[in-house]
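Peer 1: Contents of work-v9.cif (mmCIF, C-alpha atoms and all ligand atoms) are given next:
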data_my_file
#
loop_
_atom_site.label_atom_id
_atom_site.label_comp_id
_atom_site.auth_asym_id
_atom_site.auth_seq_id
_atom_site.Cartn_x
_atom_site.Cartn_y
_atom_site.Cartn_z
CA MET T 1 -4.12 -81.34 0.20
CA PRO T 2 -4.53 -82.82 -3.29
CA VAL T 3 -2.83 -86.15 -3.80
CA PRO T 4 -0.34 -85.85 -6.72
CA GLU T 5 -1.33 -87.96 -9.68
CA PRO T 6 1.16 -90.71 -10.53
CA ALA T 7 3.17 -89.68 -13.60
CA ARG T 8 2.00 -91.29 -16.81
CA GLY T 9 4.30 -94.08 -17.90
CA LEU T 10 6.49 -93.37 -20.93
CA ARG T 11 6.36 -95.96 -23.67
CA VAL T 12 9.83 -97.04 -24.79
CA ALA T 13 10.09 -98.84 -28.13
CA LEU T 14 13.25 -100.89 -28.62
CA LEU T 15 14.41 -101.51 -32.17
CA GLY T 16 16.83 -104.44 -32.22
CA CYS T 17 17.47 -107.29 -29.81
CA GLY T 18 21.10 -108.23 -30.42
CA VAL T 19 23.85 -108.08 -27.82
CA VAL T 20 23.11 -104.46 -26.90
CA GLY T 21 19.32 -104.60 -27.31
CA THR T 22 19.07 -107.60 -24.99
CA GLU T 23 20.94 -105.74 -22.25
CA VAL T 24 18.90 -102.56 -22.74
CA ALA T 25 15.71 -104.62 -22.34
CA ARG T 26 17.09 -106.46 -19.31
CA MET T 27 18.12 -103.26 -17.55
CA LEU T 28 14.83 -101.50 -18.39
CA LEU T 29 12.89 -104.41 -16.94
CA GLU T 30 15.11 -105.09 -13.92
CA GLN T 31 15.81 -101.52 -12.86
CA GLY T 32 12.33 -100.12 -13.43
CA THR T 33 11.98 -98.56 -9.97
CA ASP T 34 15.29 -96.72 -10.05
CA LEU T 35 14.82 -95.62 -13.64
CA ALA T 36 11.33 -94.30 -12.90
CA ALA T 37 12.65 -92.31 -9.93
CA ARG T 38 15.45 -90.84 -12.02
CA ALA T 39 13.34 -90.15 -15.09
CA GLY T 40 10.35 -88.78 -13.20
CA ALA T 41 7.96 -91.32 -14.71
CA PRO T 42 7.79 -95.08 -15.13
CA LEU T 43 9.51 -96.32 -18.28
CA GLU T 44 7.40 -98.99 -19.88
CA LEU T 45 9.10 -101.27 -22.41
CA ALA T 46 6.32 -101.23 -24.99
CA GLY T 47 7.87 -103.73 -27.36
CA ILE T 48 11.01 -104.95 -29.07
CA ALA T 49 11.14 -104.95 -32.86
CA VAL T 50 13.12 -107.83 -34.38
CA ARG T 51 13.46 -109.38 -37.82
CA ASP T 52 12.45 -112.85 -36.65
CA ALA T 53 10.30 -113.07 -33.52
CA SER T 54 10.47 -116.89 -33.49
CA ARG T 55 14.26 -117.00 -32.93
CA PRO T 56 15.38 -118.24 -29.48
CA ARG T 57 16.26 -115.31 -27.19
CA ASP T 58 17.81 -114.66 -23.79
CA ALA T 59 15.49 -115.62 -20.91
CA ALA T 60 15.31 -111.95 -19.90
CA ILE T 61 13.32 -111.13 -23.04
CA PRO T 62 9.56 -111.65 -22.57
CA PRO T 63 8.40 -113.26 -25.85
CA ALA T 64 5.16 -111.24 -25.69
CA LEU T 65 7.18 -108.04 -26.22
CA LEU T 66 8.69 -109.18 -29.51
CA THR T 67 7.20 -107.90 -32.73
CA GLU T 68 8.17 -107.91 -36.37
CA ASP T 69 6.05 -104.80 -36.97
CA ALA T 70 8.58 -102.09 -36.13
CA GLU T 71 6.50 -99.31 -37.68
CA SER T 72 3.45 -99.87 -35.45
CA LEU T 73 5.72 -100.10 -32.41
CA VAL T 74 7.38 -96.80 -33.28
CA ASP T 75 4.04 -95.09 -33.88
CA GLY T 76 2.86 -95.52 -30.31
CA ALA T 77 6.13 -94.65 -28.55
CA ASP T 78 7.34 -91.70 -26.47
CA ILE T 79 10.99 -92.75 -26.78
CA VAL T 80 12.42 -94.93 -29.56
CA VAL T 81 15.72 -96.69 -28.91
CA GLU T 82 17.51 -97.90 -32.03
CA VAL T 83 20.20 -100.54 -31.54
CA MET T 84 19.66 -102.52 -34.72
CA GLY T 85 22.57 -100.97 -36.70
CA GLY T 86 22.85 -100.63 -40.47
CA THR T 87 21.45 -97.81 -42.54
CA GLU T 88 17.99 -99.10 -43.41
CA PRO T 89 15.47 -99.64 -41.99
CA ALA T 90 17.10 -97.83 -39.04
CA ARG T 91 17.05 -94.42 -40.73
CA ALA T 92 13.45 -94.71 -41.93
CA LEU T 93 12.26 -95.88 -38.52
CA LEU T 94 14.09 -93.10 -36.68
CA LEU T 95 12.65 -90.48 -39.06
CA ARG T 96 9.20 -91.95 -38.59
CA ALA T 97 9.65 -91.82 -34.81
CA ILE T 98 10.82 -88.20 -34.92
CA GLU T 99 8.03 -87.10 -37.24
CA GLY T 100 5.57 -88.81 -34.89
CA GLY T 101 6.90 -86.73 -31.98
CA ALA T 102 8.98 -89.37 -30.19
CA ALA T 103 12.42 -88.69 -28.73
CA VAL T 104 15.07 -90.98 -30.20
CA VAL T 105 18.15 -92.64 -28.77
CA THR T 106 20.51 -94.40 -31.15
CA ALA T 107 23.81 -96.25 -30.96
CA ASN T 108 24.17 -96.24 -34.74
CA LYS T 109 27.53 -94.59 -35.48
CA ALA T 110 27.61 -95.58 -39.14
CA LEU T 111 24.21 -94.00 -39.78
CA LEU T 112 25.03 -90.82 -37.84
CA ALA T 113 28.42 -90.41 -39.51
CA ALA T 114 26.91 -90.88 -42.97
CA ASP T 115 23.58 -89.11 -42.63
CA GLY T 116 23.31 -87.64 -39.14
CA PRO T 117 22.32 -84.15 -40.35
CA THR T 118 19.07 -85.52 -41.85
CA LEU T 119 18.12 -86.91 -38.46
CA TYR T 120 19.32 -83.86 -36.51
CA LYS T 121 17.33 -81.50 -38.76
CA ALA T 122 14.22 -83.66 -38.50
CA ALA T 123 14.54 -83.74 -34.69
CA ASP T 124 15.03 -80.00 -34.60
CA SER T 125 11.94 -79.37 -36.75
CA ALA T 126 9.85 -81.74 -34.66
CA GLY T 127 11.18 -80.29 -31.38
CA VAL T 128 12.25 -83.70 -30.06
CA ASP T 129 15.47 -85.00 -28.55
CA ILE T 130 18.05 -87.06 -30.40
CA TYR T 131 20.68 -88.65 -28.16
CA TYR T 132 23.55 -90.91 -29.21
CA GLU T 133 26.04 -91.36 -26.36
CA ALA T 134 26.42 -95.07 -27.19
CA ALA T 135 27.46 -94.36 -30.78
CA VAL T 136 31.00 -93.40 -29.72
CA ALA T 137 33.14 -95.57 -27.47
CA GLY T 138 30.37 -97.65 -25.86
CA ALA T 139 30.09 -97.01 -22.14
CA ILE T 140 32.48 -94.07 -22.06
CA PRO T 141 30.71 -90.74 -21.52
CA ILE T 142 32.29 -88.70 -24.31
CA VAL T 143 29.47 -87.32 -26.47
CA ARG T 144 27.86 -85.49 -23.52
CA PRO T 145 31.17 -84.10 -22.17
CA VAL T 146 32.23 -82.79 -25.58
CA ARG T 147 28.74 -81.55 -26.54
CA GLU T 148 27.70 -80.10 -23.17
CA SER T 149 30.43 -79.98 -20.51
CA LEU T 150 32.96 -78.40 -22.89
CA ALA T 151 30.44 -76.08 -24.57
CA GLY T 152 32.13 -73.12 -22.87
CA ASP T 153 35.65 -74.09 -23.91
CA HIS T 154 37.61 -74.29 -27.11
CA VAL T 155 38.56 -77.86 -28.04
CA ARG T 156 41.82 -78.05 -29.99
CA ARG T 157 42.36 -81.74 -30.40
CA VAL T 158 40.72 -85.09 -29.84
CA LEU T 159 43.01 -88.11 -29.91
CA GLY T 160 41.49 -91.46 -29.21
CA ILE T 161 41.49 -95.21 -29.31
CA VAL T 162 37.86 -95.69 -30.28
CA ASN T 163 37.92 -99.24 -31.62
CA GLY T 164 38.34 -102.00 -29.07
CA THR T 165 38.78 -104.83 -31.57
CA THR T 166 41.84 -103.31 -33.23
CA ASN T 167 43.26 -102.29 -29.87
CA TYR T 168 42.95 -105.89 -28.73
CA VAL T 169 44.60 -107.13 -31.93
CA LEU T 170 47.53 -104.70 -31.70
CA ASP T 171 47.95 -105.40 -27.99
CA GLN T 172 48.05 -109.16 -28.63
CA MET T 173 50.64 -108.65 -31.37
CA ALA T 174 52.77 -106.66 -28.91
CA THR T 175 52.46 -108.98 -25.94
CA THR T 176 52.53 -112.40 -27.62
CA GLY T 177 54.29 -111.74 -30.93
CA LEU T 178 51.30 -113.02 -32.95
CA ASP T 179 51.00 -111.77 -36.48
CA LEU T 180 47.98 -109.74 -37.51
CA ASP T 181 45.90 -112.59 -38.97
CA GLU T 182 46.44 -114.77 -35.90
CA ALA T 183 45.49 -111.94 -33.55
CA VAL T 184 42.35 -111.13 -35.60
CA LYS T 185 41.39 -114.82 -35.44
CA GLN T 186 41.83 -114.74 -31.66
CA ALA T 187 39.66 -111.59 -31.45
CA GLN T 188 37.00 -113.40 -33.47
CA ASP T 189 37.14 -116.44 -31.17
CA LEU T 190 36.63 -114.15 -28.16
CA GLY T 191 33.68 -112.40 -29.81
CA TYR T 192 35.39 -108.99 -30.17
CA ALA T 193 35.74 -109.13 -33.95
CA GLU T 194 32.92 -109.96 -36.34
CA ALA T 195 33.16 -112.89 -38.76
CA ASP T 196 33.82 -110.17 -41.36
CA PRO T 197 36.23 -107.91 -39.47
CA THR T 198 36.48 -105.27 -42.23
CA ALA T 199 34.67 -102.44 -40.43
CA ASP T 200 37.07 -102.70 -37.51
CA VAL T 201 40.41 -103.59 -39.10
CA GLU T 202 40.04 -101.21 -42.03
CA GLY T 203 39.17 -98.34 -39.70
CA TYR T 204 35.60 -97.66 -40.90
CA ASP T 205 34.15 -97.99 -37.39
CA ALA T 206 36.79 -95.64 -35.96
CA ALA T 207 36.30 -93.17 -38.82
CA ALA T 208 32.55 -92.96 -38.12
CA LYS T 209 33.26 -92.24 -34.45
CA ALA T 210 35.95 -89.71 -35.37
CA ALA T 211 33.48 -87.88 -37.63
CA ILE T 212 30.90 -87.67 -34.83
CA LEU T 213 33.44 -86.43 -32.29
CA ALA T 214 34.96 -83.89 -34.68
CA SER T 215 31.52 -82.46 -35.52
CA LEU T 216 30.78 -81.99 -31.83
CA ALA T 217 34.22 -80.71 -30.84
CA PHE T 218 34.58 -78.16 -33.63
CA HIS T 219 30.93 -77.17 -34.26
CA THR T 220 31.45 -78.12 -37.88
CA ARG T 221 29.73 -80.77 -39.93
CA VAL T 222 32.09 -83.70 -40.56
CA SER T 223 30.91 -86.91 -42.20
CA ALA T 224 32.65 -90.29 -42.42
CA ASP T 225 33.70 -89.50 -45.99
CA ASP T 226 35.65 -86.47 -44.73
CA VAL T 227 37.88 -88.67 -42.58
CA ALA T 228 41.25 -89.80 -43.99
CA ARG T 229 41.22 -93.49 -43.12
CA GLU T 230 43.85 -96.21 -42.95
CA GLY T 231 43.26 -99.44 -41.06
CA ILE T 232 45.69 -101.81 -39.35
CA THR T 233 46.02 -104.42 -42.10
CA GLY T 234 49.46 -103.08 -43.08
CA VAL T 235 50.85 -103.38 -39.54
CA THR T 236 53.29 -106.27 -39.20
CA SER T 237 54.61 -108.06 -36.14
CA ALA T 238 58.02 -106.54 -37.01
CA ASP T 239 56.47 -103.04 -36.81
CA VAL T 240 55.09 -103.82 -33.37
CA ALA T 241 58.38 -105.29 -32.17
CA TRP T 242 60.33 -102.28 -33.47
CA ALA T 243 57.84 -99.95 -31.82
CA ALA T 244 58.55 -101.56 -28.45
CA ARG T 245 62.31 -101.34 -29.03
CA THR T 246 62.03 -97.60 -29.65
CA GLY T 247 59.77 -96.93 -26.66
CA HIS T 248 56.40 -96.90 -28.47
CA ALA T 249 53.15 -98.82 -28.74
CA VAL T 250 51.29 -99.15 -32.05
CA LYS T 251 47.71 -97.91 -31.72
CA LEU T 252 44.91 -97.26 -34.18
CA LEU T 253 44.20 -93.59 -33.47
CA ALA T 254 41.31 -91.34 -34.36
CA ILE T 255 42.68 -87.81 -34.53
CA ALA T 256 40.62 -84.65 -34.95
CA GLU T 257 42.46 -81.36 -34.83
CA GLN T 258 41.62 -77.73 -35.25
CA THR T 259 44.31 -75.39 -36.55
CA GLY T 260 44.20 -71.81 -37.84
CA GLU T 261 43.50 -73.23 -41.29
CA GLY T 262 40.64 -75.56 -40.47
CA VAL T 263 39.79 -78.99 -39.20
CA SER T 264 41.60 -82.22 -40.01
CA VAL T 265 40.21 -85.63 -39.11
CA ARG T 266 42.06 -88.88 -39.67
CA VAL T 267 42.23 -92.48 -38.55
CA HIS T 268 45.44 -94.47 -38.91
CA PRO T 269 47.83 -96.68 -36.99
CA ALA T 270 50.49 -94.67 -35.17
CA LEU T 271 53.39 -95.05 -32.80
CA VAL T 272 52.49 -93.63 -29.41
CA PRO T 273 55.32 -93.01 -26.90
CA LEU T 274 55.03 -95.42 -23.98
CA GLU T 275 54.82 -92.54 -21.51
CA HIS T 276 51.66 -91.18 -23.20
CA PRO T 277 48.44 -92.26 -21.40
CA LEU T 278 47.02 -93.77 -24.61
CA ALA T 279 49.94 -96.22 -24.84
CA GLY T 280 48.77 -97.89 -21.62
CA VAL T 281 45.29 -98.66 -22.96
CA LYS T 282 45.26 -102.44 -23.21
CA GLY T 283 43.00 -105.14 -24.59
CA ALA T 284 39.63 -104.10 -25.99
CA PHE T 285 39.43 -100.91 -23.94
CA ASN T 286 38.94 -97.46 -25.46
CA ALA T 287 40.32 -94.11 -24.35
CA ILE T 288 39.93 -90.59 -25.63
CA PHE T 289 42.27 -87.74 -24.89
CA VAL T 290 40.75 -84.27 -25.35
CA GLU T 291 42.79 -81.08 -25.30
CA ALA T 292 40.85 -77.89 -24.67
CA ASP T 293 42.17 -74.35 -24.18
CA ALA T 294 40.86 -73.73 -20.70
CA ALA T 295 40.30 -77.26 -19.39
CA GLY T 296 43.70 -78.50 -20.57
CA PRO T 297 44.11 -82.22 -21.22
CA LEU T 298 41.25 -84.56 -20.31
CA MET T 299 41.24 -88.34 -20.54
CA PHE T 300 38.18 -90.58 -20.85
CA TYR T 301 38.68 -94.32 -20.45
CA GLY T 302 36.52 -97.43 -20.32
CA GLN T 303 34.78 -100.19 -22.22
CA GLY T 304 34.05 -99.18 -25.79
CA ALA T 305 31.90 -102.13 -26.75
CA GLY T 306 29.87 -105.02 -25.35
CA GLY T 307 26.23 -105.41 -24.46
CA ARG T 308 26.08 -104.14 -20.89
CA PRO T 309 28.58 -101.29 -21.21
CA THR T 310 26.84 -100.00 -24.35
CA ALA T 311 23.41 -100.43 -22.75
CA SER T 312 24.60 -98.24 -19.86
CA ALA T 313 25.17 -95.36 -22.31
CA VAL T 314 21.83 -96.02 -24.04
CA LEU T 315 19.90 -95.95 -20.77
CA GLY T 316 21.57 -92.74 -19.65
CA ASP T 317 20.20 -91.17 -22.82
CA VAL T 318 16.77 -92.71 -22.26
CA VAL T 319 16.62 -91.14 -18.79
CA SER T 320 17.66 -87.73 -20.16
CA ALA T 321 15.01 -87.89 -22.90
CA ALA T 322 12.41 -89.09 -20.40
CA ARG T 323 13.12 -86.19 -18.02
CA HIS T 324 12.44 -83.77 -20.85
CA ARG T 325 9.14 -85.51 -21.61
CA VAL T 326 8.15 -85.17 -17.95
CA LEU T 327 9.51 -81.74 -17.05
CA GLY T 328 9.74 -80.07 -20.45
CA GLY T 329 12.90 -78.82 -22.10
CA LYS T 330 15.03 -80.30 -24.82
CA GLY T 331 18.56 -81.58 -25.24
CA PRO T 332 21.15 -79.87 -27.42
CA GLN T 333 20.65 -79.74 -31.16
CA GLU T 334 23.30 -80.00 -33.88
CA SER T 335 25.81 -77.16 -33.52
CA ILE T 336 27.60 -76.35 -36.78
CA TYR T 337 27.80 -72.56 -36.54
CA ALA T 338 31.63 -72.53 -36.82
CA ALA T 339 31.57 -74.27 -40.24
CA ARG T 340 35.37 -74.60 -40.26
CA PRO T 341 36.99 -75.65 -43.55
CA LEU T 342 37.83 -79.35 -43.74
CA LEU T 343 41.49 -79.79 -44.58
CA PRO T 344 42.75 -82.42 -47.02
CA ALA T 345 44.56 -85.41 -45.56
CA ASP T 346 47.96 -84.25 -46.79
CA ALA T 347 47.71 -80.98 -44.83
CA ALA T 348 47.96 -82.81 -41.50
CA VAL T 349 51.16 -82.28 -39.54
CA THR T 350 52.74 -85.44 -38.19
CA ARG T 351 56.06 -87.23 -37.71
CA TYR T 352 57.19 -90.36 -39.50
CA GLN T 353 59.24 -93.32 -38.35
CA VAL T 354 60.62 -95.10 -41.42
CA ARG T 355 62.41 -98.44 -41.63
CA LEU T 356 64.41 -99.11 -44.74
CA LEU T 357 66.94 -101.59 -46.03
CA VAL T 358 69.92 -100.04 -47.78
CA ALA T 359 73.18 -101.19 -49.30
CA ASP T 360 75.82 -100.97 -46.57
CA LEU T 361 78.24 -98.73 -48.48
CA PRO T 362 80.03 -95.48 -47.66
CA GLY T 363 77.89 -92.37 -48.27
CA VAL T 364 74.50 -94.11 -48.32
CA LEU T 365 73.34 -92.54 -45.07
CA ALA T 366 74.36 -89.11 -46.35
CA GLN T 367 72.47 -89.75 -49.60
CA VAL T 368 69.26 -90.66 -47.75
CA ALA T 369 69.63 -87.72 -45.37
CA GLY T 370 70.23 -85.41 -48.33
CA VAL T 371 66.97 -86.39 -50.03
CA VAL T 372 65.06 -85.98 -46.78
CA GLY T 373 66.57 -82.52 -46.26
CA ASP T 374 65.89 -81.52 -49.88
CA HIS T 375 62.18 -82.00 -49.15
CA GLY T 376 62.34 -79.63 -46.19
CA VAL T 377 61.94 -82.47 -43.71
CA SER T 378 64.17 -82.53 -40.65
CA ILE T 379 65.55 -85.81 -39.26
CA ASP T 380 65.20 -86.33 -35.53
CA THR T 381 67.02 -89.64 -35.01
CA VAL T 382 68.73 -92.31 -37.10
CA ARG T 383 69.53 -95.79 -35.90
CA GLN T 384 71.30 -98.47 -37.88
CA THR T 385 71.36 -102.23 -37.43
CA GLY T 386 73.16 -104.86 -39.46
CA PRO T 387 74.92 -105.19 -41.74
CA SER T 388 73.75 -108.54 -42.93
CA GLU T 389 74.88 -109.74 -46.36
CA GLY T 390 75.83 -106.20 -47.34
CA THR T 391 72.51 -104.73 -46.29
CA ALA T 392 71.93 -102.41 -43.34
CA GLU T 393 68.62 -101.53 -41.75
CA LEU T 394 68.01 -97.86 -41.05
CA LEU T 395 65.40 -96.58 -38.65
CA LEU T 396 64.82 -92.93 -39.25
CA THR T 397 62.50 -90.64 -37.30
CA THR T 398 61.57 -87.21 -38.60
CA HIS T 399 60.55 -84.02 -36.89
CA ALA T 400 56.99 -82.83 -37.47
CA ALA T 401 56.19 -81.89 -41.06
CA ARG T 402 53.22 -81.79 -43.37
CA GLU T 403 51.95 -85.15 -44.50
CA ALA T 404 52.40 -84.05 -48.13
CA SER T 405 56.13 -83.33 -47.60
CA LEU T 406 56.65 -86.56 -45.71
CA ALA T 407 54.92 -88.63 -48.39
CA ALA T 408 56.97 -86.92 -51.14
CA THR T 409 60.14 -87.61 -49.13
CA ILE T 410 59.38 -91.32 -48.89
CA ALA T 411 58.61 -91.49 -52.62
CA ALA T 412 61.97 -89.87 -53.40
CA VAL T 413 63.95 -92.04 -50.96
CA ARG T 414 62.37 -95.12 -52.53
CA THR T 415 63.94 -94.24 -55.91
CA LEU T 416 67.50 -94.02 -54.55
CA GLU T 417 69.72 -96.69 -56.02
CA PRO T 418 71.16 -98.01 -52.70
CA VAL T 419 67.68 -98.28 -51.14
CA ARG T 420 66.64 -101.94 -51.35
CA GLU T 421 63.28 -101.67 -49.64
CA ILE T 422 61.19 -99.39 -47.43
CA THR T 423 59.86 -101.92 -44.96
CA SER T 424 57.65 -99.67 -42.87
CA VAL T 425 56.33 -96.13 -42.61
CA LEU T 426 54.44 -95.30 -39.43
CA ARG T 427 53.32 -91.95 -38.08
CA VAL T 428 54.33 -90.93 -34.57
CA GLU T 429 51.60 -89.20 -32.53
CA GLY T 430 51.01 -88.04 -29.00
N1 LIG Y 501 33.42 -103.02 -33.09
C1 LIG Y 501 33.60 -101.88 -32.23
C2 LIG Y 501 34.89 -102.04 -31.46
C3 LIG Y 501 32.49 -101.66 -31.25
O1 LIG Y 501 35.59 -103.04 -31.60
O2 LIG Y 501 35.22 -101.13 -30.72
C4 LIG Y 501 31.28 -101.07 -31.91
O3 LIG Y 501 31.59 -99.84 -32.49
#
Let me see the file written as structure tokens.

Peer 2:
Amino acid sequence: MPVPEPARGLRVALLGCGVVGTEVARMLLEQGTDLAARAGAPLELAGIAVRDASRPRDAAIPPALLTEDAESLVDGADIVVEVMGGTEPARALLLRAIEGGAAVVTANKALLAADGPTLYKAADSAGVDIYYEAAVAGAIPIVRPVRESLAGDHVRRVLGIVNGTTNYVLDQMATTGLDLDEAVKQAQDLGYAEADPTADVEGYDAAAKAAILASLAFHTRVSADDVAREGITGVTSADVAWAARTGHAVKLLAIAEQTGEGVSVRVHPALVPLEHPLAGVKGAFNAIFVEADAAGPLMFYGQGAGGRPTASAVLGDVVSAARHRVLGGKGPQESIYAARPLLPADAAVTRYQVRLLVADLPGVLAQVAGVVGDHGVSIDTVRQTGPSEGTAELLLTTHAAREASLAATIAAVRTLEPVREITSVLRVEG
């Protein structure tokens, strides 16, 4: 009987050696036997491209593997793993890899949400795999379930906490009463938030992930620019305290919905009822709630960031791509056949909770309620506190209405003479 030839090793090029890259390298090197058995061939870490090869690194990184010549590394690879982030040179290197016939695995949400279609088309033309499980919610398997497991279903809605930093910040505000700046500082000290926390706190990171998920869920191309985005910088400790008093948690949500009219994708802070599963997601964890016609509600929960959790998602993709190199076949390509219209932000249907300070005089409540009703918006509950020095605080919750009607209602209420100040407007979701 002929002795089977050992499978040829597959050369894996790693682009980037930060927190995630270090863990990808460590796991590739330490788990070689298991990975080879699962992939069907040994996975050989051919090199690690970095900006500065002389910088001190984790002991797990063999210095001989480091190179500053990313292009040459890419040229000889079977699978290119990109965990460097940023737009360039990541995009150029991934295109070079694809054109050279390598499969690619990337964790680069910002690049995919801005210019994914260029990469998907290139991969399609070259007949190679492009995998990106780690680009959305770190370790949580969500890209593959939405792209493959739910391919036979009809996804209606994706509602998620996809940014761990802001979830940590909001959770700290709720549990310790810190204000936003103090909680962001704490997140920075713990290494969750970057020195420049803009991408997280202004919702850019969540918007990129929302765009990727919406594209997959609705078979429609959605880019980061199509996402209505509002970060958490306007959330005050009073908002968080009021949320708790009314049975809610404040969460930064990514929401992608499909209605008869089209697809709406948005990222904003929202009040989530405490009984909703997303309200219980604490600290830097992520969770994504998917509603599909046949499957019903599904919840995905886990660590959305961090070196090892993100490396887990990267390596799962590497094994999938490797299996295709060994056995043949190809992973899914971009699916945009549905091409649903993208709805403007003000077409979304939501509920508002509004806090306002008003003069504590007879008829003021009726005046406010009248303006709300005139705009076709229905009030669900009203709660009043005070008075203090002639001023009462009203907490008003609406029924669901179009964002455009709700925004016009607030603008009109603001002009009423007895209204001293609108202190907070938060959407209620879930
Ligand atoms: N900064 C992100 C977060 C992780 O806090 O969830 C990377 O997308």

Peer 1: If the limit is 9 Å from any atom of ligand LIG 501 (chain Y), counting only C-alpha atoms and all ligand atoms, which residues qualify? Return them as an mmCIF file with C-alpha atoms, in the frame of the given file.

Peer 2:
data_model
loop_
_atom_site.group_PDB
_atom_site.id
_atom_site.type_symbol
_atom_site.label_atom_id
_atom_site.label_comp_id
_atom_site.auth_asym_id
_atom_site.auth_seq_id
_atom_site.Cartn_x
_atom_site.Cartn_y
_atom_site.Cartn_z
ATOM 1 C CA ALA T 107 23.810 -96.250 -30.960
ATOM 2 C CA ASN T 108 24.170 -96.240 -34.740
ATOM 3 C CA LYS T 109 27.530 -94.590 -35.480
ATOM 4 C CA ALA T 110 27.610 -95.580 -39.140
ATOM 5 C CA ALA T 134 26.420 -95.070 -27.190
ATOM 6 C CA ALA T 135 27.460 -94.360 -30.780
ATOM 7 C CA VAL T 136 31.000 -93.400 -29.720
ATOM 8 C CA ALA T 137 33.140 -95.570 -27.470
ATOM 9 C CA GLY T 138 30.370 -97.650 -25.860
ATOM 10 C CA ILE T 161 41.490 -95.210 -29.310
ATOM 11 C CA VAL T 162 37.860 -95.690 -30.280
ATOM 12 C CA ASN T 163 37.920 -99.240 -31.620
ATOM 13 C CA GLY T 164 38.340 -102.000 -29.070
ATOM 14 C CA THR T 165 38.780 -104.830 -31.570
ATOM 15 C CA THR T 166 41.840 -103.310 -33.230
ATOM 16 C CA ASN T 167 43.260 -102.290 -29.870
ATOM 17 C CA TYR T 168 42.950 -105.890 -28.730
ATOM 18 C CA TYR T 192 35.390 -108.990 -30.170
ATOM 19 C CA ALA T 193 35.740 -109.130 -33.950
ATOM 20 C CA GLU T 194 32.920 -109.960 -36.340
ATOM 21 C CA PRO T 197 36.230 -107.910 -39.470
ATOM 22 C CA ALA T 199 34.670 -102.440 -40.430
ATOM 23 C CA ASP T 200 37.070 -102.700 -37.510
ATOM 24 C CA VAL T 201 40.410 -103.590 -39.100
ATOM 25 C CA ASP T 205 34.150 -97.990 -37.390
ATOM 26 C CA ALA T 206 36.790 -95.640 -35.960
ATOM 27 C CA ALA T 208 32.550 -92.960 -38.120
ATOM 28 C CA LYS T 209 33.260 -92.240 -34.450
ATOM 29 C CA ALA T 284 39.630 -104.100 -25.990
ATOM 30 C CA PHE T 285 39.430 -100.910 -23.940
ATOM 31 C CA ASN T 286 38.940 -97.460 -25.460
ATOM 32 C CA GLN T 303 34.780 -100.190 -22.220
ATOM 33 C CA GLY T 304 34.050 -99.180 -25.790
ATOM 34 C CA ALA T 305 31.900 -102.130 -26.750
ATOM 35 C CA GLY T 306 29.870 -105.020 -25.350
ATOM 36 C CA THR T 310 26.840 -100.000 -24.350
#

Peer 1: What does the distance between CA of Ala139 (chain T) and CA of Ala313 (chain T) come to in Å, to one decimal place?

Peer 2: 5.2 Å

Peer 1: Here is a test: counting only C-alpha atoms, which residue of T:Ala60, T:Leu65, T:Val19, T:Val263 is nearest to Leu343 (chain T)?

Peer 2: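 When distances to Leu343 (chain T) are compared using only C-alpha atoms, the smallest one comes from T:Val263.
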
Peer 1: Counting all atoms listed in the file, what is within 6 Å of region 68-79 of chain T, bar same-chain residues fewer than 3 positions away, as a PyMOL selection string?

Peer 2: chain T and resi 10-13+49-51+97+102-104

Peer 1: So that I have them on file, write out the residues from the current selection with C-alpha atoms, as a tab-separated table (two decimals), keeping the file's coordinate frame.

Peer 2:
chain	number	residue	atom	x	y	z
T	10	LEU	CA	6.49	-93.37	-20.93
T	11	ARG	CA	6.36	-95.96	-23.67
T	12	VAL	CA	9.83	-97.04	-24.79
T	13	ALA	CA	10.09	-98.84	-28.13
T	49	ALA	CA	11.14	-104.95	-32.86
T	50	VAL	CA	13.12	-107.83	-34.38
T	51	ARG	CA	13.46	-109.38	-37.82
T	97	ALA	CA	9.65	-91.82	-34.81
T	102	ALA	CA	8.98	-89.37	-30.19
T	103	ALA	CA	12.42	-88.69	-28.73
T	104	VAL	CA	15.07	-90.98	-30.20

Peer 1: Would you kindly return, as an NGL selection string, each protein, DNA or RNA residue with an atom no farther than 8 Å from any atom of Tyr352 (chain T), considering only C-alpha atoms and excluding same-chain residues fewer than 6 positions away?

Peer 2: :T and (397-400 or 406 or 425-428)

Peer 1: Output C-alpha atoms of each residue in that selection to a file, as an mmCIF file, in the coordinates of the input.

Peer 2:
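Result file is selection_1.cif:
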data_model
loop_
_atom_site.group_PDB
_atom_site.id
_atom_site.type_symbol
_atom_site.label_atom_id
_atom_site.label_comp_id
_atom_site.auth_asym_id
_atom_site.auth_seq_id
_atom_site.Cartn_x
_atom_site.Cartn_y
_atom_site.Cartn_z
ATOM 1 C CA THR T 397 62.500 -90.640 -37.300
ATOM 2 C CA THR T 398 61.570 -87.210 -38.600
ATOM 3 C CA HIS T 399 60.550 -84.020 -36.890
ATOM 4 C CA ALA T 400 56.990 -82.830 -37.470
ATOM 5 C CA LEU T 406 56.650 -86.560 -45.710
ATOM 6 C CA VAL T 425 56.330 -96.130 -42.610
ATOM 7 C CA LEU T 426 54.440 -95.300 -39.430
ATOM 8 C CA ARG T 427 53.320 -91.950 -38.080
ATOM 9 C CA VAL T 428 54.330 -90.930 -34.570
#

Peer 1: Please list as a ChimeraX atom specification every residue within 10 Å of region 222-226 of chain T, counting all atoms listed in the file and excluding residues in the same chain fewer than 5 positions away.

Peer 2: /T:109-117,204-216,263-266,336,339-345
